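Source file: start01.pdb (PDB, C-alpha atoms, pLDDT in the B column)
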```pdb
MODEL        1
ATOM      1  CA  MET A  84    -228.282 194.990-182.602  1.00 37.00           C
ATOM      2  CA  ASP A  85    -227.107 196.048-186.062  1.00 39.00           C
ATOM      3  CA  ARG A  86    -226.013 193.720-188.834  1.00 36.00           C
ATOM      4  CA  GLY A  87    -222.401 193.806-187.740  1.00 42.00           C
ATOM      5  CA  ASN A  88    -223.373 192.760-184.235  1.00 41.00           C
ATOM      6  CA  ALA A  89    -225.467 189.912-185.612  1.00 37.00           C
ATOM      7  CA  ARG A  90    -222.473 188.626-187.548  1.00 39.00           C
ATOM      8  CA  GLU A  91    -220.272 189.064-184.470  1.00 42.00           C
ATOM      9  CA  LEU A  92    -222.758 186.973-182.517  1.00 38.00           C
ATOM     10  CA  ILE A  93    -222.539 184.185-185.095  1.00 38.00           C
ATOM     11  CA  ASP A  94    -218.756 184.329-185.026  1.00 42.00           C
ATOM     12  CA  ARG A  95    -218.674 184.180-181.243  1.00 39.00           C
ATOM     13  CA  THR A  96    -220.883 181.115-181.075  1.00 37.00           C
ATOM     14  CA  THR A  97    -219.165 179.151-183.830  1.00 40.00           C
ATOM     15  CA  ASP A  98    -215.685 179.087-182.290  1.00 44.00           C
ATOM     16  CA  LYS A  99    -214.271 179.966-185.688  1.00 42.00           C
ATOM     17  CA  ASP A 100    -211.305 181.803-184.211  1.00 42.00           C
ATOM     18  CA  SER A 101    -210.318 178.944-181.922  1.00 43.00           C
ATOM     19  CA  PRO A 102    -207.104 177.323-183.143  1.00 37.00           C
ATOM     20  CA  THR A 103    -208.339 173.936-181.919  1.00 49.00           C
ATOM     21  CA  VAL A 104    -211.550 173.925-183.978  1.00 58.00           C
ATOM     22  CA  GLY A 105    -211.173 172.919-187.609  1.00 77.00           C
ATOM     23  CA  PRO A 106    -213.708 171.659-190.141  1.00 82.00           C
ATOM     24  CA  ARG A 107    -214.209 168.385-188.262  1.00 84.00           C
ATOM     25  CA  GLY A 108    -214.753 170.231-184.998  1.00 81.00           C
ATOM     26  CA  ARG A 109    -217.309 172.537-186.599  1.00 87.00           C
ATOM     27  CA  ALA A 110    -219.067 169.534-188.125  1.00 91.00           C
ATOM     28  CA  ARG A 111    -219.258 167.835-184.712  1.00 90.00           C
ATOM     29  CA  ARG A 112    -220.565 171.041-183.186  1.00 90.00           C
ATOM     30  CA  GLN A 113    -223.267 171.351-185.830  1.00 90.00           C
ATOM     31  CA  ALA A 114    -224.236 167.710-185.362  1.00 93.00           C
ATOM     32  CA  LEU A 115    -224.758 168.365-181.651  1.00 94.00           C
ATOM     33  CA  LEU A 116    -226.917 171.410-182.401  1.00 92.00           C
ATOM     34  CA  ASP A 117    -229.012 169.481-184.933  1.00 91.00           C
ATOM     35  CA  ALA A 118    -229.489 166.541-182.584  1.00 93.00           C
ATOM     36  CA  ALA A 119    -230.448 168.799-179.698  1.00 92.00           C
ATOM     37  CA  ALA A 120    -233.001 170.694-181.793  1.00 88.00           C
ATOM     38  CA  ALA A 121    -234.717 167.458-182.826  1.00 89.00           C
ATOM     39  CA  LEU A 122    -234.683 165.999-179.325  1.00 91.00           C
ATOM     40  CA  PHE A 123    -235.961 169.167-177.672  1.00 87.00           C
ATOM     41  CA  VAL A 124    -239.040 168.907-179.903  1.00 82.00           C
ATOM     42  CA  GLU A 125    -239.477 165.161-179.411  1.00 86.00           C
ATOM     43  CA  LYS A 126    -238.859 164.911-175.658  1.00 88.00           C
ATOM     44  CA  GLY A 127    -238.867 168.463-174.326  1.00 84.00           C
ATOM     45  CA  PHE A 128    -235.916 170.382-172.973  1.00 88.00           C
ATOM     46  CA  GLU A 129    -236.053 169.033-169.428  1.00 87.00           C
ATOM     47  CA  LYS A 130    -236.364 165.362-170.412  1.00 91.00           C
ATOM     48  CA  THR A 131    -233.608 165.508-173.019  1.00 93.00           C
ATOM     49  CA  THR A 132    -230.309 164.424-171.510  1.00 95.00           C
ATOM     50  CA  LEU A 133    -226.771 164.994-172.676  1.00 95.00           C
ATOM     51  CA  THR A 134    -226.557 161.237-173.210  1.00 95.00           C
ATOM     52  CA  ASP A 135    -229.538 161.460-175.589  1.00 96.00           C
ATOM     53  CA  ILE A 136    -227.897 164.245-177.565  1.00 96.00           C
ATOM     54  CA  ILE A 137    -224.525 162.517-177.792  1.00 96.00           C
ATOM     55  CA  GLY A 138    -226.197 159.231-178.702  1.00 96.00           C
ATOM     56  CA  ARG A 139    -227.890 160.830-181.678  1.00 96.00           C
ATOM     57  CA  ALA A 140    -225.100 163.158-182.767  1.00 94.00           C
ATOM     58  CA  GLY A 141    -222.109 160.969-182.028  1.00 92.00           C
ATOM     59  CA  GLY A 142    -218.974 162.303-180.417  1.00 88.00           C
ATOM     60  CA  SER A 143    -218.260 162.512-176.729  1.00 91.00           C
ATOM     61  CA  ARG A 144    -219.392 164.318-173.624  1.00 92.00           C
ATOM     62  CA  ALA A 145    -216.015 166.082-173.596  1.00 92.00           C
ATOM     63  CA  THR A 146    -216.727 167.530-177.052  1.00 90.00           C
ATOM     64  CA  LEU A 147    -220.104 168.826-175.923  1.00 93.00           C
ATOM     65  CA  TYR A 148    -218.588 170.399-172.813  1.00 93.00           C
ATOM     66  CA  GLU A 149    -215.815 171.974-174.890  1.00 91.00           C
ATOM     67  CA  HIS A 150    -218.239 173.670-177.265  1.00 92.00           C
ATOM     68  CA  PHE A 151    -221.209 174.481-175.039  1.00 94.00           C
ATOM     69  CA  GLY A 152    -220.475 173.815-171.371  1.00 93.00           C
ATOM     70  CA  ASP A 153    -223.818 172.168-170.631  1.00 93.00           C
ATOM     71  CA  LYS A 154    -227.315 171.644-172.018  1.00 93.00           C
ATOM     72  CA  GLU A 155    -228.377 175.224-171.348  1.00 93.00           C
ATOM     73  CA  GLY A 156    -225.254 176.486-173.089  1.00 93.00           C
ATOM     74  CA  LEU A 157    -226.086 174.323-176.088  1.00 94.00           C
ATOM     75  CA  PHE A 158    -229.614 175.706-176.224  1.00 93.00           C
ATOM     76  CA  ARG A 159    -228.340 179.270-175.870  1.00 93.00           C
ATOM     77  CA  ALA A 160    -225.943 178.755-178.793  1.00 93.00           C
ATOM     78  CA  MET A 161    -228.748 177.308-180.903  1.00 92.00           C
ATOM     79  CA  MET A 162    -231.001 180.244-180.055  1.00 93.00           C
ATOM     80  CA  GLU A 163    -228.332 182.898-180.671  1.00 91.00           C
ATOM     81  CA  GLU A 164    -227.231 181.496-184.025  1.00 90.00           C
ATOM     82  CA  ASN A 165    -230.794 181.136-185.250  1.00 92.00           C
ATOM     83  CA  SER A 166    -231.700 184.672-184.168  1.00 93.00           C
ATOM     84  CA  ALA A 167    -228.583 186.083-185.804  1.00 91.00           C
ATOM     85  CA  ARG A 168    -229.410 184.334-189.084  1.00 91.00           C
ATOM     86  CA  ILE A 169    -232.916 185.793-189.071  1.00 93.00           C
ATOM     87  CA  GLN A 170    -231.686 189.266-188.132  1.00 92.00           C
ATOM     88  CA  ASP A 171    -229.103 189.248-190.923  1.00 91.00           C
ATOM     89  CA  GLY A 172    -231.918 188.854-193.432  1.00 90.00           C
ATOM     90  CA  LEU A 173    -233.974 191.612-191.824  1.00 91.00           C
ATOM     91  CA  ALA A 174    -230.958 193.942-191.775  1.00 91.00           C
ATOM     92  CA  ALA A 175    -230.582 193.665-195.539  1.00 89.00           C
ATOM     93  CA  ILE A 176    -234.234 194.616-196.010  1.00 87.00           C
ATOM     94  CA  GLN A 177    -233.981 197.440-193.471  1.00 86.00           C
ATOM     95  CA  ALA A 178    -231.000 198.949-195.292  1.00 87.00           C
ATOM     96  CA  ASP A 179    -232.575 198.864-198.778  1.00 85.00           C
ATOM     97  CA  GLU A 180    -233.424 202.483-199.553  1.00 78.00           C
ATOM     98  CA  ARG A 181    -234.609 201.720-203.087  1.00 84.00           C
ATOM     99  CA  ALA A 182    -237.652 199.601-202.287  1.00 86.00           C
ATOM    100  CA  ALA A 183    -241.082 201.216-202.057  1.00 91.00           C
ATOM    101  CA  PRO A 184    -242.868 200.705-198.712  1.00 94.00           C
ATOM    102  CA  GLU A 185    -245.144 197.971-200.066  1.00 95.00           C
ATOM    103  CA  GLU A 186    -242.181 195.971-201.358  1.00 95.00           C
ATOM    104  CA  GLY A 187    -240.055 196.548-198.260  1.00 94.00           C
ATOM    105  CA  LEU A 188    -242.817 195.604-195.828  1.00 96.00           C
ATOM    106  CA  THR A 189    -243.745 192.545-197.874  1.00 96.00           C
ATOM    107  CA  ARG A 190    -240.152 191.303-197.898  1.00 95.00           C
ATOM    108  CA  PHE A 191    -239.835 191.974-194.164  1.00 95.00           C
ATOM    109  CA  ALA A 192    -243.064 190.091-193.445  1.00 96.00           C
ATOM    110  CA  LEU A 193    -242.234 187.120-195.667  1.00 95.00           C
ATOM    111  CA  HIS A 194    -238.846 186.791-193.975  1.00 95.00           C
ATOM    112  CA  LEU A 195    -240.490 186.653-190.543  1.00 94.00           C
ATOM    113  CA  VAL A 196    -243.092 184.146-191.699  1.00 94.00           C
ATOM    114  CA  ALA A 197    -240.382 181.965-193.242  1.00 93.00           C
ATOM    115  CA  ALA A 198    -238.678 181.907-189.840  1.00 93.00           C
ATOM    116  CA  LEU A 199    -241.871 180.576-188.255  1.00 92.00           C
ATOM    117  CA  PHE A 200    -241.906 177.694-190.727  1.00 91.00           C
ATOM    118  CA  ASP A 201    -238.315 176.808-189.902  1.00 90.00           C
ATOM    119  CA  ASP A 202    -238.066 173.734-187.675  1.00 86.00           C
ATOM    120  CA  ARG A 203    -235.123 175.140-185.716  1.00 87.00           C
ATOM    121  CA  THR A 204    -237.001 178.347-184.912  1.00 92.00           C
ATOM    122  CA  MET A 205    -240.063 176.474-183.725  1.00 90.00           C
ATOM    123  CA  ALA A 206    -237.968 174.097-181.630  1.00 88.00           C
ATOM    124  CA  ILE A 207    -236.550 177.131-179.842  1.00 92.00           C
ATOM    125  CA  VAL A 208    -239.969 178.731-179.365  1.00 93.00           C
ATOM    126  CA  ARG A 209    -241.472 175.522-177.980  1.00 89.00           C
ATOM    127  CA  VAL A 210    -238.650 175.145-175.471  1.00 89.00           C
ATOM    128  CA  LEU A 211    -239.064 178.743-174.329  1.00 91.00           C
ATOM    129  CA  VAL A 212    -242.839 178.368-173.992  1.00 90.00           C
ATOM    130  CA  SER A 213    -242.488 175.264-171.827  1.00 86.00           C
ATOM    131  CA  GLU A 214    -239.215 175.955-170.014  1.00 85.00           C
ATOM    132  CA  GLY A 215    -238.800 179.741-170.036  1.00 88.00           C
ATOM    133  CA  GLY A 216    -239.498 179.983-166.320  1.00 89.00           C
ATOM    134  CA  ARG A 217    -236.556 177.682-165.586  1.00 86.00           C
ATOM    135  CA  ILE A 218    -234.115 179.494-167.876  1.00 88.00           C
ATOM    136  CA  PRO A 219    -235.208 183.142-167.550  1.00 91.00           C
ATOM    137  CA  ASP A 220    -231.861 184.602-168.609  1.00 92.00           C
ATOM    138  CA  ILE A 221    -232.002 182.709-171.908  1.00 91.00           C
ATOM    139  CA  ALA A 222    -235.669 183.631-172.403  1.00 92.00           C
ATOM    140  CA  GLU A 223    -234.861 187.303-171.848  1.00 94.00           C
ATOM    141  CA  ALA A 224    -231.905 187.070-174.233  1.00 93.00           C
ATOM    142  CA  PHE A 225    -234.209 185.580-176.868  1.00 94.00           C
ATOM    143  CA  PHE A 226    -236.508 188.587-176.694  1.00 93.00           C
ATOM    144  CA  ARG A 227    -233.612 191.044-176.809  1.00 94.00           C
ATOM    145  CA  ILE A 228    -231.887 189.570-179.851  1.00 93.00           C
ATOM    146  CA  GLY A 229    -235.035 188.261-181.530  1.00 93.00           C
ATOM    147  CA  PRO A 230    -238.440 189.984-181.389  1.00 94.00           C
ATOM    148  CA  GLU A 231    -237.232 193.259-179.868  1.00 95.00           C
ATOM    149  CA  THR A 232    -234.452 193.626-182.429  1.00 94.00           C
ATOM    150  CA  ALA A 233    -236.877 192.910-185.273  1.00 95.00           C
ATOM    151  CA  GLN A 234    -239.213 195.583-183.908  1.00 96.00           C
ATOM    152  CA  ARG A 235    -236.387 198.120-183.717  1.00 95.00           C
ATOM    153  CA  ARG A 236    -235.352 197.353-187.280  1.00 95.00           C
ATOM    154  CA  LEU A 237    -238.878 197.844-188.561  1.00 95.00           C
ATOM    155  CA  ALA A 238    -239.400 201.002-186.489  1.00 96.00           C
ATOM    156  CA  ASP A 239    -236.221 202.451-187.990  1.00 94.00           C
ATOM    157  CA  TYR A 240    -237.435 201.553-191.483  1.00 94.00           C
ATOM    158  CA  LEU A 241    -240.835 203.172-190.874  1.00 95.00           C
ATOM    159  CA  ALA A 242    -239.223 206.311-189.439  1.00 95.00           C
ATOM    160  CA  ARG A 243    -236.955 206.670-192.472  1.00 93.00           C
ATOM    161  CA  GLN A 244    -239.844 206.117-194.870  1.00 94.00           C
ATOM    162  CA  THR A 245    -241.802 208.772-192.992  1.00 94.00           C
ATOM    163  CA  ALA A 246    -238.880 211.206-193.174  1.00 94.00           C
ATOM    164  CA  ALA A 247    -238.715 210.597-196.924  1.00 92.00           C
ATOM    165  CA  GLY A 248    -242.422 211.374-197.294  1.00 93.00           C
ATOM    166  CA  ALA A 249    -243.406 207.871-198.413  1.00 93.00           C
ATOM    167  CA  LEU A 250    -245.344 207.131-195.199  1.00 93.00           C
ATOM    168  CA  THR A 251    -246.895 209.040-192.315  1.00 93.00           C
ATOM    169  CA  VAL A 252    -246.204 207.016-189.181  1.00 94.00           C
ATOM    170  CA  ALA A 253    -246.406 209.128-186.040  1.00 93.00           C
ATOM    171  CA  GLU A 254    -245.244 206.370-183.674  1.00 96.00           C
ATOM    172  CA  PRO A 255    -242.867 204.022-185.489  1.00 96.00           C
ATOM    173  CA  GLU A 256    -242.229 201.786-182.461  1.00 97.00           C
ATOM    174  CA  ALA A 257    -245.930 201.169-181.825  1.00 96.00           C
ATOM    175  CA  ALA A 258    -246.590 200.704-185.536  1.00 96.00           C
ATOM    176  CA  ALA A 259    -243.756 198.178-185.783  1.00 97.00           C
ATOM    177  CA  ARG A 260    -245.140 196.151-182.875  1.00 96.00           C
ATOM    178  CA  GLY A 261    -248.599 196.197-184.418  1.00 96.00           C
ATOM    179  CA  PHE A 262    -247.391 195.163-187.867  1.00 97.00           C
ATOM    180  CA  ILE A 263    -245.243 192.289-186.594  1.00 96.00           C
ATOM    181  CA  GLY A 264    -248.076 191.095-184.363  1.00 95.00           C
ATOM    182  CA  MET A 265    -250.491 191.169-187.283  1.00 94.00           C
ATOM    183  CA  ILE A 266    -248.079 189.203-189.472  1.00 95.00           C
ATOM    184  CA  THR A 267    -246.861 186.593-186.999  1.00 94.00           C
ATOM    185  CA  GLY A 268    -249.542 186.200-184.328  1.00 92.00           C
ATOM    186  CA  ASN A 269    -252.008 183.896-186.074  1.00 90.00           C
ATOM    187  CA  ILE A 270    -249.327 181.854-187.824  1.00 92.00           C
ATOM    188  CA  LEU A 271    -247.288 181.385-184.645  1.00 92.00           C
ATOM    189  CA  LEU A 272    -250.361 180.207-182.742  1.00 92.00           C
ATOM    190  CA  ARG A 273    -251.208 177.718-185.471  1.00 91.00           C
ATOM    191  CA  ARG A 274    -247.631 176.457-185.619  1.00 90.00           C
ATOM    192  CA  LEU A 275    -247.635 175.869-181.861  1.00 90.00           C
ATOM    193  CA  ILE A 276    -251.041 174.189-181.636  1.00 91.00           C
ATOM    194  CA  LEU A 277    -251.276 172.556-185.079  1.00 90.00           C
ATOM    195  CA  PRO A 278    -247.638 171.887-186.003  1.00 85.00           C
ATOM    196  CA  GLU A 279    -248.525 169.491-188.821  1.00 85.00           C
ATOM    197  CA  GLN A 280    -250.755 171.987-190.593  1.00 85.00           C
ATOM    198  CA  SER A 281    -249.164 173.256-193.781  1.00 84.00           C
ATOM    199  CA  PHE A 282    -249.593 176.444-195.770  1.00 86.00           C
ATOM    200  CA  SER A 283    -248.933 176.782-199.480  1.00 89.00           C
ATOM    201  CA  ARG A 284    -246.679 179.554-200.722  1.00 90.00           C
ATOM    202  CA  GLU A 285    -249.706 181.142-202.365  1.00 94.00           C
ATOM    203  CA  GLU A 286    -251.618 181.151-199.068  1.00 93.00           C
ATOM    204  CA  VAL A 287    -248.706 182.755-197.233  1.00 93.00           C
ATOM    205  CA  GLU A 288    -248.201 185.411-199.898  1.00 95.00           C
ATOM    206  CA  HIS A 289    -251.923 186.212-199.929  1.00 95.00           C
ATOM    207  CA  TYR A 290    -252.000 186.473-196.126  1.00 95.00           C
ATOM    208  CA  VAL A 291    -248.968 188.758-196.079  1.00 96.00           C
ATOM    209  CA  GLY A 292    -250.245 190.835-198.982  1.00 96.00           C
ATOM    210  CA  ARG A 293    -253.556 191.523-197.263  1.00 95.00           C
ATOM    211  CA  ALA A 294    -251.826 192.437-194.001  1.00 95.00           C
ATOM    212  CA  VAL A 295    -249.420 194.823-195.747  1.00 96.00           C
ATOM    213  CA  ALA A 296    -252.282 196.450-197.658  1.00 95.00           C
ATOM    214  CA  LEU A 297    -254.267 196.923-194.450  1.00 94.00           C
ATOM    215  CA  PHE A 298    -251.267 198.423-192.667  1.00 95.00           C
ATOM    216  CA  LEU A 299    -250.504 200.802-195.520  1.00 94.00           C
ATOM    217  CA  THR A 300    -254.117 201.989-195.632  1.00 90.00           C
ATOM    218  CA  GLY A 301    -253.454 203.775-192.368  1.00 78.00           C
ATOM    219  CA  ALA A 302    -249.813 204.662-193.023  1.00 72.00           C
ATOM    220  CA  ARG A 303    -249.794 206.300-196.448  1.00 69.00           C
ATOM    221  CA  PRO A 304    -249.785 210.088-196.685  1.00 72.00           C
ATOM    222  CA  THR A 305    -253.165 211.637-197.404  1.00 61.00           C
ATOM    223  CA  ALA A 306    -253.913 214.680-199.513  1.00 55.00           C
ATOM    224  CA  GLY A 307    -252.658 217.815-197.842  1.00 52.00           C
ATOM    225  CA  HIS A 308    -250.055 215.988-195.707  1.00 50.00           C
TER     226      HIS A 308
ENDMDL
END
```
Please render this file's structure as structure tokens.
Amino acid sequence: MDRGNARELIDRTTDKDSPTVGPRGRARRQALLDAAAALFVEKGFEKTTLTDIIGRAGGSRATLYEHFGDKEGLFRAMMEENSARIQDGLAAIQADERAAPEEGLTRFALHLVAALFDDRTMAIVRVLVSEGGRIPDIAEAFFRIGPETAQRRLADYLARQTAAGALTVAEPEAAARGFIGMITGNILLRRLILPEQSFSREEVEHYVGRAVALFLTGARPTAGH
């Protein structure tokens, strides 16, 4: 999914072209999304009812049905909008031809880590971990528009850097998977198991810097290549 598709996805899920949805309608819609995100974390997806969501957000059941259809539709919209927002940021980094590999990879990694410290992102991940078997189509959509798209963006970046002679990456797709796993794996696990644990900006930047340096040790051209 390229940047244009990510923006199209946001547009499609915000009803902005609907003549019946004005600023108040968008505000109600956002209130429902915010309430659902908080409740999914507090009570879990299955135990959260539409009555719970409406009670916290205000509005009516008719408004929720109009915007989302049902609880699964609400969660799908939340997941799609969040993924599109993250992918928009990655697309800008992917398209920057001026940045050296160290800078580009660092920006890419910091953007992914920032997503893992976002409450909305983690609410989505926790729901998918606990309920993915019940909503497999949404879980599969998450991987398509989230992790798999991020991997494709990074693989494209690595391939272009290799073509320019800045890197030597024989298998960009495998390298992208490895880099993203190295950056996100430990932090994601900690966020899931120890959600109250905090990291300072300095700790995050040090962690990312070491990972980027390790990756580039094996990816930089060597003498004679």
Margin query: Using only C-alpha atoms, which protein or nucleic acid residues come within 9 Å of segment 269-285 of chain A? Drop anything in the same chain fewer than 5 positions from it, and give the result as a PyMOL selection string.
Written below: chain A and resi 196+199-200+205+208-209+264+290
Check: Between A:Arg217, A:Asp153, A:Arg111, A:Arg159, which one has atoms that come closest to Thr132 of chain A, using all atoms listed in the file?
Finding: A:Asp153
Notebook entry, point to check: Interatomic distance between atom CA of Met265 of chain A and atom CA of Leu195 of chain A?
Noted result: 11.4 Å
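One distance worth recording is that between atom CA of Ala294 of chain A and atom CA of Arg168 of chain A, which is 24.3 Å.
For the set A:Asp117, A:Glu149, A:Glu186, A:Asp135, the residue with the smallest atom-to-atom gap to Thr204 of chain A is A:Asp117, counting only C-alpha atoms.
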Next item on the list: Report as a list in words the residues that result from applying the PyMOL selection byres ((chain A and resi 246-259) around 10) to the structure here.
Entry: Ala183, Pro184, Ala233, Gln234, Arg235, Arg236, Leu237, Ala238, Asp239, Tyr240, Leu241, Ala242, Arg243, Gln244, Thr245, Arg260, Gly261, Phe262, Ile263, Gly264, Met265, Phe298, Leu299, Gly301, Ala302, Arg303, Pro304, Thr305 and His308 of chain A
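Every polymer residue reaching to within 9 Å of (-216.6, 170.7, -178.0), counting all atoms listed in the file, appears in this list: Val104, Gly108, Arg109, Arg111, Arg112, Ser143, Arg144, Ala145, Thr146, Leu147, Tyr148, Glu149, His150, Phe151 and Gly152 of chain A.
Here the PyMOL selection byres ((chain A and resi 190) around 12) catches exactly these residues: Gly172, Leu173, Ala174, Ala175, Ile176, Gln177, Asp179, Ala182, Ala183, Pro184, Glu185, Glu186, Gly187, Leu188, Thr189, Phe191, Ala192, Leu193, His194, Leu195, Val196, Ala197, Leu237, Ile266, Glu288, Val291, Gly292 and Val295 of chain A.
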Build an axis-aligned box that encloses every atom of segment 134-138 of chain A listed in the file, pad it by 4 Å on each side, and report its centre and edge lengths in Å to one decimal, as JSON.
```
{"center_x": -227.0, "center_y": 161.7, "center_z": -176.0, "size_x": 13.0, "size_y": 13.0, "size_z": 13.5}
```
Check: Hey, can you check how far atom CA of Phe225 of chain A sits from atom CA of Asp201 of chain A?
Finding: 16.2 Å
If I put a ball of radius 10 Å at (-237.0, 180.6, -174.6) in the file's coordinates, which residues poke into it when counting only C-alpha atoms, written as a JSON list (two decimals) with C-alpha atoms, keeping the file's coordinate frame?
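Okay, selection20.json is ready:
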```json
[["chain", "number", "residue", "atom", "x", "y", "z"],
["A", 158, "PHE", "CA", -229.61, 175.71, -176.22],
["A", 159, "ARG", "CA", -228.34, 179.27, -175.87],
["A", 162, "MET", "CA", -231.00, 180.24, -180.06],
["A", 206, "ALA", "CA", -237.97, 174.10, -181.63],
["A", 207, "ILE", "CA", -236.55, 177.13, -179.84],
["A", 208, "VAL", "CA", -239.97, 178.73, -179.36],
["A", 209, "ARG", "CA", -241.47, 175.52, -177.98],
["A", 210, "VAL", "CA", -238.65, 175.14, -175.47],
["A", 211, "LEU", "CA", -239.06, 178.74, -174.33],
["A", 212, "VAL", "CA", -242.84, 178.37, -173.99],
["A", 213, "SER", "CA", -242.49, 175.26, -171.83],
["A", 214, "GLU", "CA", -239.22, 175.96, -170.01],
["A", 215, "GLY", "CA", -238.80, 179.74, -170.04],
["A", 216, "GLY", "CA", -239.50, 179.98, -166.32],
["A", 217, "ARG", "CA", -236.56, 177.68, -165.59],
["A", 218, "ILE", "CA", -234.12, 179.49, -167.88],
["A", 219, "PRO", "CA", -235.21, 183.14, -167.55],
["A", 220, "ASP", "CA", -231.86, 184.60, -168.61],
["A", 221, "ILE", "CA", -232.00, 182.71, -171.91],
["A", 222, "ALA", "CA", -235.67, 183.63, -172.40],
["A", 223, "GLU", "CA", -234.86, 187.30, -171.85],
["A", 224, "ALA", "CA", -231.90, 187.07, -174.23],
["A", 225, "PHE", "CA", -234.21, 185.58, -176.87],
["A", 226, "PHE", "CA", -236.51, 188.59, -176.69]]
```
Next item on the list: Expand the PyMOL selection byres ((chain A and resi 119) around 9) into the individual residues it matches in the shown file, reporting them as a PyMOL selection string.
Entry: chain A and resi 114-118+120-124+128+131+133+135-137+139-140+154+157-158+161
Residues as selected, C-alpha atoms, written as a compact mmCIF listing (two decimals), keeping the file's coordinate frame, can you do that?
```txt
# COMPACT_ATOMS: atom_id res chain seq x y z
CA ALA A 114 -224.24 167.71 -185.36
CA LEU A 115 -224.76 168.36 -181.65
CA LEU A 116 -226.92 171.41 -182.40
CA ASP A 117 -229.01 169.48 -184.93
CA ALA A 118 -229.49 166.54 -182.58
CA ALA A 120 -233.00 170.69 -181.79
CA ALA A 121 -234.72 167.46 -182.83
CA LEU A 122 -234.68 166.00 -179.32
CA PHE A 123 -235.96 169.17 -177.67
CA VAL A 124 -239.04 168.91 -179.90
CA PHE A 128 -235.92 170.38 -172.97
CA THR A 131 -233.61 165.51 -173.02
CA LEU A 133 -226.77 164.99 -172.68
CA ASP A 135 -229.54 161.46 -175.59
CA ILE A 136 -227.90 164.24 -177.56
CA ILE A 137 -224.52 162.52 -177.79
CA ARG A 139 -227.89 160.83 -181.68
CA ALA A 140 -225.10 163.16 -182.77
CA LYS A 154 -227.32 171.64 -172.02
CA LEU A 157 -226.09 174.32 -176.09
CA PHE A 158 -229.61 175.71 -176.22
CA MET A 161 -228.75 177.31 -180.90
```
